[in-house]
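data21.pdb, holding PDB, C-alpha atoms:
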ATOM      1  CA  PRO A   1      17.655 -18.107   9.686
ATOM      2  CA  SER A   2      16.821 -16.794   6.205
ATOM      3  CA  LYS A   3      13.375 -18.380   6.068
ATOM      4  CA  GLY A   4      10.868 -16.321   4.126
ATOM      5  CA  ASN A   5      13.509 -14.004   2.651
ATOM      6  CA  ILE A   6      14.245 -13.486  -1.028
ATOM      7  CA  ALA A   7      17.726 -14.185  -2.367
ATOM      8  CA  ALA A   8      19.176 -14.525  -5.859
ATOM      9  CA  ILE A   9      21.349 -17.395  -7.030
ATOM     10  CA  VAL A  10      24.662 -15.830  -8.034
ATOM     11  CA  ASN A  11      26.513 -18.996  -9.063
ATOM     12  CA  VAL A  12      26.268 -22.785  -8.931
ATOM     13  CA  ILE A  13      29.014 -24.342  -6.788
ATOM     14  CA  ASP A  14      28.173 -28.002  -7.450
ATOM     15  CA  GLN A  15      25.059 -30.123  -7.919
ATOM     16  CA  ASN A  16      24.091 -29.718  -4.248
ATOM     17  CA  ARG A  17      25.056 -26.133  -3.391
ATOM     18  CA  VAL A  18      24.648 -22.658  -4.866
ATOM     19  CA  LEU A  19      26.016 -19.236  -4.006
ATOM     20  CA  ILE A  20      23.158 -16.916  -3.010
ATOM     21  CA  ASP A  21      22.939 -13.228  -2.217
ATOM     22  CA  GLY A  22      19.947 -11.239  -0.975
ATOM     23  CA  PRO A  23      21.077  -7.703  -0.228
ATOM     24  CA  THR A  24      17.553  -6.240  -0.289
ATOM     25  CA  SER A  25      16.132  -8.750   2.209
ATOM     26  CA  GLY A  26      19.084  -9.135   4.570
ATOM     27  CA  VAL A  27      20.379 -12.494   3.320
ATOM     28  CA  THR A  28      24.172 -12.482   3.372
ATOM     29  CA  ARG A  29      26.213 -13.836   0.462
ATOM     30  CA  GLN A  30      26.751 -17.502   1.252
ATOM     31  CA  ALA A  31      26.857 -21.035  -0.044
ATOM     32  CA  TYR A  32      23.457 -22.637   0.451
ATOM     33  CA  PRO A  33      22.174 -26.198  -0.080
ATOM     34  CA  ILE A  34      19.688 -26.555  -2.935
ATOM     35  CA  LYS A  35      17.551 -28.976  -0.914
ATOM     36  CA  GLN A  36      16.797 -26.228   1.617
ATOM     37  CA  MET A  37      15.659 -23.723  -1.025
ATOM     38  CA  HIS A  38      12.355 -23.059  -2.722
ATOM     39  CA  LEU A  39      12.656 -21.528  -6.170
ATOM     40  CA  THR A  40      10.202 -18.838  -7.210
ATOM     41  CA  PRO A  41       9.173 -17.959 -10.777
ATOM     42  CA  MET A  42      10.794 -14.507 -10.374
ATOM     43  CA  LYS A  43      13.917 -14.080 -12.486
ATOM     44  CA  VAL A  44      16.593 -11.387 -12.489
ATOM     45  CA  ASN A  45      19.386 -11.149 -15.065
ATOM     46  CA  PHE A  46      22.964 -10.387 -13.990
ATOM     47  CA  PRO A  47      26.341 -12.001 -14.763
ATOM     48  CA  PHE A  48      27.684 -15.016 -12.862
ATOM     49  CA  ASN A  49      29.620 -14.155  -9.692
ATOM     50  CA  ALA A  50      28.266 -10.600  -9.819
ATOM     51  CA  PRO A  51      29.192  -8.509  -6.769
ATOM     52  CA  THR A  52      26.552  -7.645  -4.182
ATOM     53  CA  LYS A  53      26.323  -4.103  -5.543
ATOM     54  CA  VAL A  54      25.214  -5.382  -8.975
ATOM     55  CA  VAL A  55      22.783  -7.899  -7.454
ATOM     56  CA  ARG A  56      21.202  -5.168  -5.302
ATOM     57  CA  LYS A  57      20.870  -2.864  -8.327
ATOM     58  CA  GLU A  58      19.150  -5.539 -10.427
ATOM     59  CA  LEU A  59      16.837  -6.672  -7.600
ATOM     60  CA  THR A  60      15.663  -3.113  -6.960
ATOM     61  CA  ALA A  61      15.368  -2.321 -10.690
ATOM     62  CA  SER A  62      13.086  -5.304 -11.315
ATOM     63  CA  LYS A  63      11.169  -4.641  -8.048
ATOM     64  CA  VAL A  64      11.470  -8.240  -6.851
ATOM     65  CA  ASP A  65      10.479  -7.340  -3.275
ATOM     66  CA  ASP A  66       7.219  -5.785  -4.486
ATOM     67  CA  GLN A  67       6.509  -8.789  -6.714
ATOM     68  CA  TRP A  68       7.125 -11.106  -3.763
ATOM     69  CA  LYS A  69       4.852  -9.153  -1.419
ATOM     70  CA  ALA A  70       2.098  -9.203  -4.053
ATOM     71  CA  SER A  71       2.389 -12.965  -4.642
ATOM     72  CA  SER A  72      -0.089 -15.394  -3.136
ATOM     73  CA  TRP A  73       2.830 -17.409  -1.734
ATOM     74  CA  ALA A  74       3.990 -14.486   0.442
ATOM     75  CA  LYS A  75       0.427 -13.715   1.519
ATOM     76  CA  ARG A  76      -0.093 -17.341   2.521
ATOM     77  CA  LEU A  77       3.118 -17.277   4.614
ATOM     78  CA  GLU A  78       2.006 -14.028   6.237
ATOM     79  CA  ASN A  79      -1.425 -15.472   7.107
ATOM     80  CA  LYS A  80       0.221 -18.598   8.507
ATOM     81  CA  ALA A  81       2.428 -16.449  10.742
ATOM     82  CA  LYS A  82      -0.605 -14.442  11.921
ATOM     83  CA  ARG A  83      -2.530 -17.607  12.765
ATOM     84  CA  SER A  84       0.370 -19.123  14.687
ATOM     85  CA  ALA A  85       0.676 -15.898  16.696
ATOM     86  CA  MET A  86      -2.987 -16.013  17.765
ATOM     87  CA  ASN A  87      -3.842 -16.719  21.375
ATOM     88  CA  ASP A  88      -6.894 -18.590  22.615
ATOM     89  CA  PHE A  89      -9.083 -15.491  22.847
ATOM     90  CA  ASP A  90      -8.164 -14.414  19.292
ATOM     91  CA  ARG A  91      -9.149 -17.863  17.988
ATOM     92  CA  PHE A  92     -12.453 -17.582  19.877
ATOM     93  CA  LYS A  93     -13.156 -14.152  18.363
ATOM     94  CA  LEU A  94     -12.317 -15.499  14.893
ATOM     95  CA  LYS A  95     -14.711 -18.415  15.377
ATOM     96  CA  LYS A  96     -17.522 -16.059  16.441
ATOM     97  CA  ALA A  97     -16.863 -13.717  13.490
ATOM     98  CA  LYS A  98     -16.956 -16.630  11.040
ATOM     99  CA  THR A  99     -20.201 -17.897  12.559
ATOM    100  CA  GLN A 100     -21.769 -14.454  12.224
ATOM    101  CA  ARG A 101     -20.564 -14.126   8.612
ATOM    102  CA  ASN A 102     -21.923 -17.568   7.725
ATOM    103  CA  ARG A 103     -25.326 -16.681   9.214
ATOM    104  CA  ILE A 104     -25.524 -13.539   7.072
ATOM    105  CA  VAL A 105     -24.562 -15.494   3.934
ATOM    106  CA  THR A 106     -27.086 -18.256   4.696
ATOM    107  CA  VAL A 107     -29.929 -15.789   5.241
ATOM    108  CA  ALA A 108     -29.133 -14.003   1.974
ATOM    109  CA  LEU A 109     -28.831 -17.261   0.044
ATOM    110  CA  ASN A 110     -32.082 -18.647   1.431
ATOM    111  CA  GLY A 111     -33.843 -15.404   0.521
ATOM    112  CA  LYS A 112     -32.627 -15.683  -3.071
ATOM    113  CA  LYS A 113     -33.667 -19.366  -3.240
ATOM    114  CA  LYS A 114     -37.145 -18.514  -1.930
ATOM    115  CA  ALA A 115     -37.533 -15.747  -4.529
ATOM    116  CA  MET A 116     -36.437 -18.112  -7.332
ATOM    117  CA  ARG A 117     -38.865 -20.819  -6.145
ATOM    118  CA  LYS A 118     -41.724 -18.320  -6.255
ATOM    119  CA  ALA A 119     -40.695 -17.305  -9.764
ATOM    120  CA  GLY A 120     -40.640 -20.973 -10.756
ATOM    121  CA  LYS A 121     -36.990 -20.990 -11.813
ATOM    122  CA  LEU A 122     -35.780 -23.444  -9.211
TER     123      LEU A 122
END

Could you express the structure from this file as structure tokens?
Amino acid sequence: PSKGNIAAIVNVIDQNRVLIDGPTSGVTRQAYPIKQMHLTPMKVNFPFNAPTKVVRKELTASKVDDQWKASSWAKRLENKAKRSAMNDFDRFKLKKAKTQRNRIVTVALNGKKKAMRKAGKL
């Protein structure tokens, strides 16, 4: 249910579970299995077992949500969601747009190659 949301690890319960809290992204404070998590390189400093108020303050102060939205990981998840939401007609339009783009690129590339051949550089 919390897939794609950012949460901070507040405390380690044991080697398999941690206590997480994500007040800025709607993740409730809960024990969560480590095997179901993906750690990000973003780090926020606050004391162990800090209350939600402190976690929220630190997450907003370090602008973790903005860092996440700017990361390539979040963009890749967003693109994946867009692609899975496409219907057949949208996929057809995408295929036609890619074909048209590739034609333009090929024409430009071939023109450059022809000019370089004439100049004797290729």

Taking all atoms of segment 12-29 of chain A that the file lists and extending 8 Å past them on each side, where is the centre of the axis-aligned box and how long are its edges? Answer in Å to one decimal, as lines of an AutoDock Vina configuration file.
center_x = 22.6
center_y = -18.2
center_z = -2.2
size_x = 28.9
size_y = 39.9
size_z = 29.5

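With distances taken over all atoms listed in the file, A:Lys43 is the one residue among A:Lys114, A:Lys3, A:Lys121, A:Lys43 lying closest to Glu58 of chain A.
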
Explicit residues for the PyMOL selection byres ((chain A and resi 23-35) around 9) (as number ranges by chain): A: 1-2, 5-7, 10, 13, 15-22, 36-38, 52-53, 55-56, 59-60, 65

So that I have them on file, write out the residues from the current selection with C-alpha atoms, as a PDB file, keeping the file's coordinate frame.
ATOM      1  CA  PRO A   1      17.655 -18.107   9.686  1.00  0.00           C
ATOM      2  CA  SER A   2      16.821 -16.794   6.205  1.00  0.00           C
ATOM      3  CA  ASN A   5      13.509 -14.004   2.651  1.00  0.00           C
ATOM      4  CA  ILE A   6      14.245 -13.486  -1.028  1.00  0.00           C
ATOM      5  CA  ALA A   7      17.726 -14.185  -2.367  1.00  0.00           C
ATOM      6  CA  VAL A  10      24.662 -15.830  -8.034  1.00  0.00           C
ATOM      7  CA  ILE A  13      29.014 -24.342  -6.788  1.00  0.00           C
ATOM      8  CA  GLN A  15      25.059 -30.123  -7.919  1.00  0.00           C
ATOM      9  CA  ASN A  16      24.091 -29.718  -4.248  1.00  0.00           C
ATOM     10  CA  ARG A  17      25.056 -26.133  -3.391  1.00  0.00           C
ATOM     11  CA  VAL A  18      24.648 -22.658  -4.866  1.00  0.00           C
ATOM     12  CA  LEU A  19      26.016 -19.236  -4.006  1.00  0.00           C
ATOM     13  CA  ILE A  20      23.158 -16.916  -3.010  1.00  0.00           C
ATOM     14  CA  ASP A  21      22.939 -13.228  -2.217  1.00  0.00           C
ATOM     15  CA  GLY A  22      19.947 -11.239  -0.975  1.00  0.00           C
ATOM     16  CA  GLN A  36      16.797 -26.228   1.617  1.00  0.00           C
ATOM     17  CA  MET A  37      15.659 -23.723  -1.025  1.00  0.00           C
ATOM     18  CA  HIS A  38      12.355 -23.059  -2.722  1.00  0.00           C
ATOM     19  CA  THR A  52      26.552  -7.645  -4.182  1.00  0.00           C
ATOM     20  CA  LYS A  53      26.323  -4.103  -5.543  1.00  0.00           C
ATOM     21  CA  VAL A  55      22.783  -7.899  -7.454  1.00  0.00           C
ATOM     22  CA  ARG A  56      21.202  -5.168  -5.302  1.00  0.00           C
ATOM     23  CA  LEU A  59      16.837  -6.672  -7.600  1.00  0.00           C
ATOM     24  CA  THR A  60      15.663  -3.113  -6.960  1.00  0.00           C
ATOM     25  CA  ASP A  65      10.479  -7.340  -3.275  1.00  0.00           C
TER      26      ASP A  65
END

Result set of the PyMOL selection byres ((chain A and resi 68) around 12) on the coordinates above, as a list in words: Gly4, Asn5, Ile6, Ala7, Ser25, Thr40, Pro41, Met42, Lys43, Leu59, Ser62, Lys63, Val64, Asp65, Asp66, Gln67, Lys69, Ala70, Ser71, Ser72, Trp73, Ala74, Lys75, Arg76, Leu77 and Glu78 of chain A

Put those residues in a file: C-alpha atoms, as a tab-separated table (two decimals), in the frame of the given file.
chain	number	residue	atom	x	y	z
A	4	GLY	CA	10.87	-16.32	4.13
A	5	ASN	CA	13.51	-14.00	2.65
A	6	ILE	CA	14.24	-13.49	-1.03
A	7	ALA	CA	17.73	-14.18	-2.37
A	25	SER	CA	16.13	-8.75	2.21
A	40	THR	CA	10.20	-18.84	-7.21
A	41	PRO	CA	9.17	-17.96	-10.78
A	42	MET	CA	10.79	-14.51	-10.37
A	43	LYS	CA	13.92	-14.08	-12.49
A	59	LEU	CA	16.84	-6.67	-7.60
A	62	SER	CA	13.09	-5.30	-11.32
A	63	LYS	CA	11.17	-4.64	-8.05
A	64	VAL	CA	11.47	-8.24	-6.85
A	65	ASP	CA	10.48	-7.34	-3.28
A	66	ASP	CA	7.22	-5.78	-4.49
A	67	GLN	CA	6.51	-8.79	-6.71
A	69	LYS	CA	4.85	-9.15	-1.42
A	70	ALA	CA	2.10	-9.20	-4.05
A	71	SER	CA	2.39	-12.96	-4.64
A	72	SER	CA	-0.09	-15.39	-3.14
A	73	TRP	CA	2.83	-17.41	-1.73
A	74	ALA	CA	3.99	-14.49	0.44
A	75	LYS	CA	0.43	-13.72	1.52
A	76	ARG	CA	-0.09	-17.34	2.52
A	77	LEU	CA	3.12	-17.28	4.61
A	78	GLU	CA	2.01	-14.03	6.24

Pairwise distance for atom CA of Ala8 of chain A and atom CA of Lys57 of chain A, rounded to one decimal in Å: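 Going from atom CA of Ala8 of chain A over to atom CA of Lys57 of chain A, I get 12.0 Å.
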
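Each of A:Leu94, A:Asn87, A:Ile9, A:Thr106 was compared to Pro47 of chain A using only C-alpha atoms, and A:Ile9 turns out to be the nearest.
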
Straight-line distance linking atom CA of Leu39 of chain A with atom CA of Asp14 of chain A, stated in Å to one decimal: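 So the answer is 16.9 Å.
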
Atom-to-atom span, atom CA of Ala108 of chain A and atom CA of Asn79 of chain A, Å: 28.2 Å
